[in-house]
Every structure is written in structure tokens, then in C-alpha cells.
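Participant: What follows is the file my_file.txt, containing compact mmCIF, C-alpha atoms:
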```txt
# COMPACT_ATOMS: atom_id res chain seq x y z
CA MET A 151 88.21 114.79 79.33
CA SER A 152 87.43 117.07 76.39
CA GLU A 153 87.72 120.85 76.75
CA HIS A 154 83.98 121.23 76.02
CA ASN A 155 83.02 118.78 78.75
CA MET A 156 85.47 120.36 81.18
CA ASN A 157 84.00 123.81 80.55
CA GLU A 158 80.49 122.43 81.01
CA ILE A 159 81.41 120.84 84.34
CA LEU A 160 83.23 123.95 85.58
CA SER A 161 80.16 126.08 84.86
CA GLN A 162 78.23 124.26 87.59
CA ARG A 163 78.57 125.20 91.25
CA PRO A 164 79.24 123.48 93.49
CA LEU A 165 81.61 121.67 91.17
CA ARG A 166 80.66 118.03 90.73
CA GLN A 167 83.74 115.90 91.27
CA LYS A 168 84.89 112.58 92.66
CA THR A 169 86.07 112.40 96.26
CA ILE A 170 89.52 110.89 96.67
CA GLY A 171 90.11 108.71 99.73
CA ILE A 172 93.69 108.58 100.95
CA LEU A 173 94.84 105.90 103.38
CA GLY A 174 97.76 107.82 104.78
CA GLY A 175 100.15 108.37 107.63
CA MET A 176 102.63 105.82 106.26
CA SER A 177 104.46 108.11 106.66
CA ASN A 178 103.13 111.60 107.27
CA GLN A 179 105.93 112.83 104.96
CA ALA A 180 104.50 110.89 102.03
CA THR A 181 100.93 111.76 102.94
CA GLY A 182 101.67 115.47 102.95
CA GLU A 183 103.27 115.15 99.50
CA TYR A 184 100.27 113.24 98.17
CA TYR A 185 97.91 115.97 99.37
CA ARG A 186 100.07 118.75 97.95
CA MET A 187 100.71 117.08 94.59
CA LEU A 188 97.13 115.89 94.07
CA ASN A 189 95.80 119.40 94.59
CA LYS A 190 98.50 120.93 92.40
CA GLN A 191 97.80 118.58 89.50
CA LEU A 192 94.03 118.87 89.80
CA ASN A 193 94.33 122.66 89.81
CA GLN A 194 96.45 122.48 86.67
CA HIS A 195 93.61 120.60 84.97
CA LEU A 196 90.68 122.51 86.45
CA GLY A 197 92.21 125.99 86.64
CA GLY A 198 91.17 128.97 88.71
CA TRP A 199 90.77 128.24 92.38
CA ASP A 200 89.62 124.64 91.88
CA ASN A 201 91.48 121.65 93.28
CA GLY A 202 90.52 118.28 94.75
CA GLU A 203 88.02 116.98 97.25
CA ILE A 204 90.12 114.68 99.41
CA ILE A 205 89.45 112.73 102.59
CA ILE A 206 92.50 111.42 104.45
CA ALA A 207 92.46 108.65 107.03
CA SER A 208 95.90 109.17 108.55
CA VAL A 209 97.15 106.36 110.77
CA ASN A 210 99.71 106.39 113.56
CA PHE A 211 103.01 105.45 111.95
CA GLY A 212 104.25 104.12 115.28
CA ASN A 213 101.69 101.34 114.94
CA ILE A 214 102.71 100.65 111.34
CA GLN A 215 106.42 100.55 112.22
CA SER A 216 105.71 98.05 114.98
CA PHE A 217 103.56 95.82 112.78
CA VAL A 218 106.18 95.79 110.00
CA ARG A 219 109.24 95.28 112.21
CA GLU A 220 107.57 92.48 114.19
CA GLU A 221 105.86 90.99 111.10
CA ARG A 222 102.42 91.28 112.71
CA TRP A 223 100.68 91.41 109.36
CA ASN A 224 97.31 90.13 110.58
CA GLU A 225 97.13 92.92 113.15
CA ALA A 226 98.17 95.42 110.49
CA ALA A 227 95.35 94.19 108.26
CA THR A 228 92.76 94.57 111.02
CA TYR A 229 94.04 98.04 111.89
CA LEU A 230 93.96 99.29 108.30
CA GLU A 231 90.63 97.66 107.49
CA GLY A 232 89.11 99.88 110.18
CA LYS A 233 90.51 102.95 108.43
CA ILE A 234 89.24 101.74 105.05
CA GLN A 235 85.77 101.37 106.52
CA ARG A 236 85.91 104.97 107.74
CA LEU A 237 86.86 106.19 104.27
CA GLU A 238 83.98 104.26 102.74
CA ALA A 239 81.58 105.58 105.37
CA ALA A 240 82.67 109.08 104.37
CA GLY A 241 81.56 108.35 100.81
CA VAL A 242 84.84 108.37 98.89
CA ASP A 243 84.78 107.38 95.22
CA VAL A 244 88.23 105.80 95.16
CA ILE A 245 90.83 104.68 97.70
CA ALA A 246 94.61 104.89 97.41
CA CYS A 247 97.18 103.77 99.97
CA VAL A 248 100.31 105.94 100.16
CA SER A 249 102.60 103.08 101.22
CA ASN A 250 104.14 100.42 98.95
CA THR A 251 104.85 98.28 102.01
CA MET A 252 101.30 98.26 103.36
CA HIS A 253 99.80 97.21 100.03
CA ARG A 254 100.62 93.74 101.33
CA VAL A 255 97.55 93.95 103.56
CA VAL A 256 95.54 96.74 101.90
CA GLU A 257 95.25 95.00 98.51
CA PRO A 258 93.50 91.89 99.93
CA ALA A 259 91.40 94.11 102.22
CA MET A 260 90.10 95.99 99.16
CA ALA A 261 89.53 92.88 97.05
CA GLY A 262 85.93 92.28 98.13
CA ARG A 263 84.84 95.90 98.22
CA THR A 264 82.96 97.91 95.62
CA THR A 265 85.00 101.09 96.10
CA PRO A 266 87.65 101.31 93.36
CA PHE A 267 91.24 100.84 94.52
CA ILE A 268 94.30 102.11 92.62
CA HIS A 269 97.23 99.78 93.31
CA ILE A 270 100.50 101.70 93.48
CA ALA A 271 102.39 99.12 91.40
CA ASP A 272 100.12 99.31 88.37
CA PRO A 273 100.89 102.86 87.16
CA THR A 274 104.58 102.04 87.62
CA GLY A 275 104.24 98.80 85.68
CA LYS A 276 102.45 100.59 82.83
CA ALA A 277 105.17 103.25 82.69
CA MET A 278 107.91 100.60 82.52
CA ARG A 279 106.11 98.66 79.81
CA LYS A 280 105.67 101.86 77.80
CA ALA A 281 109.39 102.60 78.20
CA GLY A 282 110.32 99.10 77.02
CA ILE A 283 112.02 98.17 80.29
CA GLY A 284 112.73 94.46 80.67
CA ARG A 285 114.76 94.39 83.87
CA VAL A 286 114.45 96.87 86.72
CA ALA A 287 116.03 97.48 90.11
CA LEU A 288 113.67 97.85 93.06
CA LEU A 289 114.41 99.96 96.14
CA GLY A 290 112.11 100.05 99.15
CA THR A 291 111.66 98.65 102.62
CA ILE A 292 112.86 95.11 103.22
CA PRO A 293 109.30 93.69 102.95
CA VAL A 294 108.91 95.39 99.55
CA MET A 295 112.30 94.26 98.24
CA GLN A 296 111.58 90.70 99.43
CA SER A 297 107.98 90.61 98.21
CA GLU A 298 107.33 87.69 95.86
CA ALA A 299 103.81 88.98 95.23
CA LEU A 300 105.15 92.31 93.99
CA ARG A 301 107.86 90.62 91.93
CA LYS A 302 105.21 88.38 90.37
CA ARG A 303 102.88 91.32 89.65
CA TYR A 304 105.56 93.25 87.77
CA CYS A 305 106.68 90.15 85.87
CA GLU A 306 103.37 88.53 84.93
CA THR A 307 101.29 91.66 84.35
CA PHE A 308 103.90 93.99 82.86
CA GLY A 309 106.69 91.71 81.63
CA VAL A 310 109.39 93.25 83.82
CA GLU A 311 111.99 91.26 85.77
CA VAL A 312 112.80 92.75 89.18
CA ILE A 313 116.24 92.63 90.79
CA THR A 314 117.05 93.86 94.29
CA PRO A 315 120.17 94.81 96.29
CA ASN A 316 122.24 92.31 98.23
CA THR A 317 121.40 91.63 101.87
CA ALA A 318 123.66 94.31 103.35
CA ASP A 319 122.43 96.93 100.90
CA LYS A 320 118.80 95.97 101.57
CA GLU A 321 119.40 96.62 105.26
CA SER A 322 121.01 99.98 104.51
CA ILE A 323 118.18 101.10 102.20
CA ASP A 324 115.58 100.03 104.76
CA ARG A 325 117.35 101.70 107.69
CA ILE A 326 117.55 105.03 105.89
CA ILE A 327 113.82 104.89 105.12
CA PHE A 328 112.73 104.14 108.68
CA ASP A 329 115.33 106.17 110.59
CA GLU A 330 115.56 109.19 108.31
CA LEU A 331 113.19 109.61 105.36
CA VAL A 332 109.93 109.08 107.26
CA ARG A 333 111.11 111.88 109.58
CA GLY A 334 112.00 114.19 106.69
CA ASP A 335 115.69 113.81 107.59
CA LEU A 336 117.53 114.06 104.26
CA ARG A 337 121.27 113.43 104.58
CA PRO A 338 123.92 113.80 101.84
CA GLU A 339 125.67 110.62 102.97
CA SER A 340 122.42 108.66 102.68
CA LYS A 341 121.86 110.01 99.18
CA ALA A 342 125.38 108.89 98.27
CA GLU A 343 124.56 105.43 99.64
CA TYR A 344 121.42 105.17 97.51
CA LEU A 345 123.31 106.31 94.42
CA ARG A 346 125.98 103.68 95.10
CA VAL A 347 123.38 100.90 95.40
CA VAL A 348 121.65 101.94 92.18
CA LYS A 349 125.01 102.00 90.38
CA ALA A 350 125.71 98.44 91.56
CA LEU A 351 122.31 97.22 90.37
CA ARG A 352 122.81 98.94 87.05
CA ALA A 353 126.04 96.99 86.67
CA GLU A 354 123.97 93.82 87.19
CA GLY A 355 121.85 94.67 84.17
CA ALA A 356 119.06 96.85 85.54
CA GLN A 357 117.63 99.11 82.82
CA GLY A 358 115.92 101.41 85.30
CA VAL A 359 115.07 101.76 88.98
CA ILE A 360 111.78 101.74 90.87
CA LEU A 361 111.61 104.09 93.84
CA GLY A 362 109.42 101.58 95.66
CA CYS A 363 108.89 103.60 98.80
CA THR A 364 106.85 106.79 98.76
CA GLU A 365 109.54 108.79 100.58
CA ILE A 366 112.55 107.85 98.42
CA PHE A 367 111.85 110.56 95.84
CA LEU A 368 112.61 113.11 98.57
CA LEU A 369 116.22 111.86 98.51
CA ILE A 370 116.89 110.82 94.90
CA ASN A 371 115.05 111.41 91.64
CA GLN A 372 115.44 111.42 87.86
CA SER A 373 117.80 114.42 87.94
CA ASP A 374 120.37 112.22 89.68
CA PHE A 375 120.36 109.76 86.75
CA PRO A 376 120.39 111.68 83.44
CA ASP A 377 120.64 108.54 81.29
CA PHE A 378 118.89 105.98 83.49
CA PRO A 379 115.07 105.75 83.82
CA VAL A 380 113.69 106.36 87.30
CA PHE A 381 110.16 105.16 88.09
CA ASP A 382 108.87 107.12 91.05
CA THR A 383 105.91 105.20 92.50
CA THR A 384 104.70 108.32 94.33
CA ALA A 385 104.47 110.52 91.23
CA LEU A 386 103.05 107.76 89.03
CA HIS A 387 100.45 106.82 91.64
CA ILE A 388 99.35 110.43 91.98
CA GLU A 389 98.99 110.78 88.21
CA ALA A 390 96.77 107.69 88.13
CA ILE A 391 94.59 109.02 90.95
CA VAL A 392 94.20 112.36 89.15
CA ASP A 393 93.25 110.56 85.93
CA PHE A 394 90.59 108.60 87.81
CA ALA A 395 89.24 111.70 89.49
CA LEU A 396 88.90 113.54 86.19
CA ALA A 397 87.53 110.67 84.11
CA GLU A 398 83.97 111.13 82.90
```
What is this structure when it is put down as C-alpha cells?

Facilitator:
Amino acid sequence: MSEHNMNEILSQRPLRQKTIGILGGMSNQATGEYYRMLNKQLNQHLGGWDNGEIIIASVNFGNIQSFVREERWNEAATYLEGKIQRLEAAGVDVIACVSNTMHRVVEPAMAGRTTPFIHIADPTGKAMRKAGIGRVALLGTIPVMQSEALRKRYCETFGVEVITPNTADKESIDRIIFDELVRGDLRPESKAEYLRVVKALRAEGAQGVILGCTEIFLLINQSDFPDFPVFDTTALHIEAIVDFALAE
């Protein structure tokens, strides 16, 4: 948005802006970070006291955990479709889901709707393509690391091959997410475990790593890998949502 157009918009009160719909609670840790970071970035663009207009439909993570662990994906879809309908009834202009894992059911649920949907993988894919990454390591929950749909999306749309940890390391990464990160429990030994897994995947030819769970950035980030690109799906997703909200 040009500075002239921004000034013209800011001169009008109430400020005309798009309403962001967040499908959250997966987990509440990630959702709180989305709310904080969206408002921070929008304020940086808008200035003064202005920030975002955001509606959050926050689900019970206990339900989500049960659906994922027991692979009750149809029930998960029905549950989240109800929350999507509430966001649309509230008049949001865009919907974003704060969970990589639950895109498995949210993406098809949004396919036939008119409300725009920002898929969390797409900003990450664009960032990797821009960086010239050809092979990337993916960390996340077991359903994310095993997702053929996600692997295909990164490969066919963005030209990036995805590699994942071995079975034992997948289980370790997943356990730390569900038992610790979603509770805001950040342990040095778990950080060391994540760093070890990334090092092993780097040795297998990974040119970067996707933090494919929206809580992982709480534990590790780019500062832990000075010479190795880190693609934080949380930060990249938020940037894409901000861009949409500010687009003319």
C-alpha cells in the first residue's frame, strides 16, 4: 500500500479495515502468539494506536488432541466446520488456521467457501523458493511429518523436496509438542533434542528446516542455526495474513 493511500485511509474514523478470522486454540500457546504478533505487525504498518480487527474462534484443545491421537479426522472436520461457520457469521474477511496439523481437515472445509483462506504452507513454500531451497527438513506432529498431501504441495507447487526424521525421532518431536510445547513448557533438554534431530537431517542433505508446528518457534529459531535457513511457519503465516489485511 502506498504512503499516500495509507494516509488517506488513516484519516477516516472509524478506520476501514479487513477483519481477520482466526481459527485458534490449537494450541492456546500458538493462538496467543498469533494475536500478539498480528497486532504488533499491523501497528508497525498503521502507526499510532491502530492495530488489527481480529475475531478468534478458539477451540478446546482437548478435543483436538483426542481427534488427532485417535485419528478421528471426520469428527475433527465436523467440529472445526462449526467454528468456521461461526467466523463467517461474524463477517470476517479472511480465515487462517493456527495449526499445521489441522489443515488436513480445514483446507477441504474451506474449499467450497467464498471467504478467502490463507494456507499456512504457502507463505513457507514461497519463502523457500525465493531462498533457492531444493531440499528441506520438516519438523512437526507425526501427522504433519507423515502427510503426503503436504509433501506433494511443497514439491509440486514450490519445487522443494521434503525429508523427515526417522521413526524414533518423529515420535520424540511429536511427544515434545503435545506434552510440553502446547503447555508452554520449554525445556533445555528438549531444545537439545530438536537441535540434534535437525543436525542429523542436515547431514542427510537438508538445506533448511521447516518449523512445521506453530509452537516449535518457542523452542528453537533462526538464532540457533546461524548458517542454516529456518522457515518458521508461524511467522511466515502471520506476515501473509498482515499483507492480506493491508492490501487495497

Participant: Taking 4 positions as the minimum chain separation for residues in the same chain, which residues sit within 10 Å of Leu331 of chain A when counting only C-alpha atoms? Answer as a short mmCIF file (atom, residue, chain, number, x, y, z; two decimals) with C-alpha atoms, in the frame of the given file.

Facilitator:
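Dumped to selection.cif:
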```
data_model
loop_
_atom_site.label_atom_id
_atom_site.label_comp_id
_atom_site.auth_asym_id
_atom_site.auth_seq_id
_atom_site.Cartn_x
_atom_site.Cartn_y
_atom_site.Cartn_z
CA SER A 177 104.46 108.11 106.66
CA GLN A 179 105.93 112.83 104.96
CA ALA A 180 104.50 110.89 102.03
CA ASP A 324 115.58 100.03 104.76
CA ARG A 325 117.35 101.70 107.69
CA ILE A 326 117.55 105.03 105.89
CA ILE A 327 113.82 104.89 105.12
CA ASP A 335 115.69 113.81 107.59
CA LEU A 336 117.53 114.06 104.26
CA ARG A 337 121.27 113.43 104.58
CA SER A 340 122.42 108.66 102.68
CA CYS A 363 108.89 103.60 98.80
CA THR A 364 106.85 106.79 98.76
CA GLU A 365 109.54 108.79 100.58
CA ILE A 366 112.55 107.85 98.42
CA PHE A 367 111.85 110.56 95.84
CA LEU A 368 112.61 113.11 98.57
CA LEU A 369 116.22 111.86 98.51
#
```

Participant: Mind pulling up the distance from atom CA of Gln191 of chain A to atom CA of Val392 of chain A?

Facilitator: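 These two atoms are separated by 7.2 Å.
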
Participant: Report, in Å to a single decimal, how far apart atom CA of Thr274 of chain A and atom CA of Glu298 of chain A are.

Facilitator: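 Between these atoms lies a distance of 16.8 Å.
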
Participant: Rank A:Gly362, A:Gly262, A:Pro315, A:Gly232 by their smallest atom-to-atom distance to Arg346 of chain A, using only C-alpha atoms, and report the top residue only.

Facilitator: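 Among the listed residues, A:Pro315 lies closest to Arg346 of chain A.
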
Participant: If I take atom CA of Leu230 of chain A and atom CA of Glu306 of chain A, how far is one from the other in Å, to one decimal?

Facilitator: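 These atoms are spaced 27.4 Å apart.
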
Participant: If we draw a sphere of 7 Å around (113.7, 99.4, 102.5), which residues have at least one atom in it when counting only C-alpha atoms? Please report them as a PyMOL selection string.

Facilitator: chain A and resi 289-292+294-295+320-321+323-325+327

Participant: How would you write as a PDB file with C-alpha atoms, in the coordinates of the input the residues that get within 8 Å of (93.4, 97.0, 94.8) in the file's frame, counting all atoms listed in the file?

Facilitator:
```
ATOM      1  CA  VAL A 256      95.540  96.740 101.900  1.00  0.00           C
ATOM      2  CA  GLU A 257      95.250  95.000  98.510  1.00  0.00           C
ATOM      3  CA  PRO A 258      93.500  91.890  99.930  1.00  0.00           C
ATOM      4  CA  MET A 260      90.100  95.990  99.160  1.00  0.00           C
ATOM      5  CA  ALA A 261      89.530  92.880  97.050  1.00  0.00           C
ATOM      6  CA  PRO A 266      87.650 101.310  93.360  1.00  0.00           C
ATOM      7  CA  PHE A 267      91.240 100.840  94.520  1.00  0.00           C
ATOM      8  CA  ILE A 268      94.300 102.110  92.620  1.00  0.00           C
ATOM      9  CA  HIS A 269      97.230  99.780  93.310  1.00  0.00           C
TER      10      HIS A 269
END
```

Participant: Which residues, written as a list in words, have at least one atom at most 6 Å from segment 201-206 of chain A, with all atoms listed in the file counted and residues fewer than 4 positions away on the same chain left out?

Facilitator: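 What passes the distance filter is Thr169, Ile170, Gly171, Ile172, Asn189, Leu192 and Asn193 of chain A.
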
Participant: Find, counting all atoms listed in the file, the residue in A:Ala277, A:Ile283, A:Ile313, A:Val359 that gets nearest to Leu345 of chain A.

Facilitator: A:Val359

Participant: Would you pick out the contacts of Ile270 of chain A at 12 Å or less, using all atoms listed in the file, so that residues sharing its chain but fewer than 3 positions from it are not included, and give the list as a ChimeraX atom specification?

Facilitator: /A:245-254,256-257,267,273-277,300,303-304,360-364,381-391

Participant: Which residues, written as an MDAnalysis selection string, have at least one atom at most 8 Å from Glu311 of chain A, with all atoms listed in the file counted and residues fewer than 2 positions away on the same chain left out?

Facilitator: chainID A and resid 284:286 301 304:305 309 313
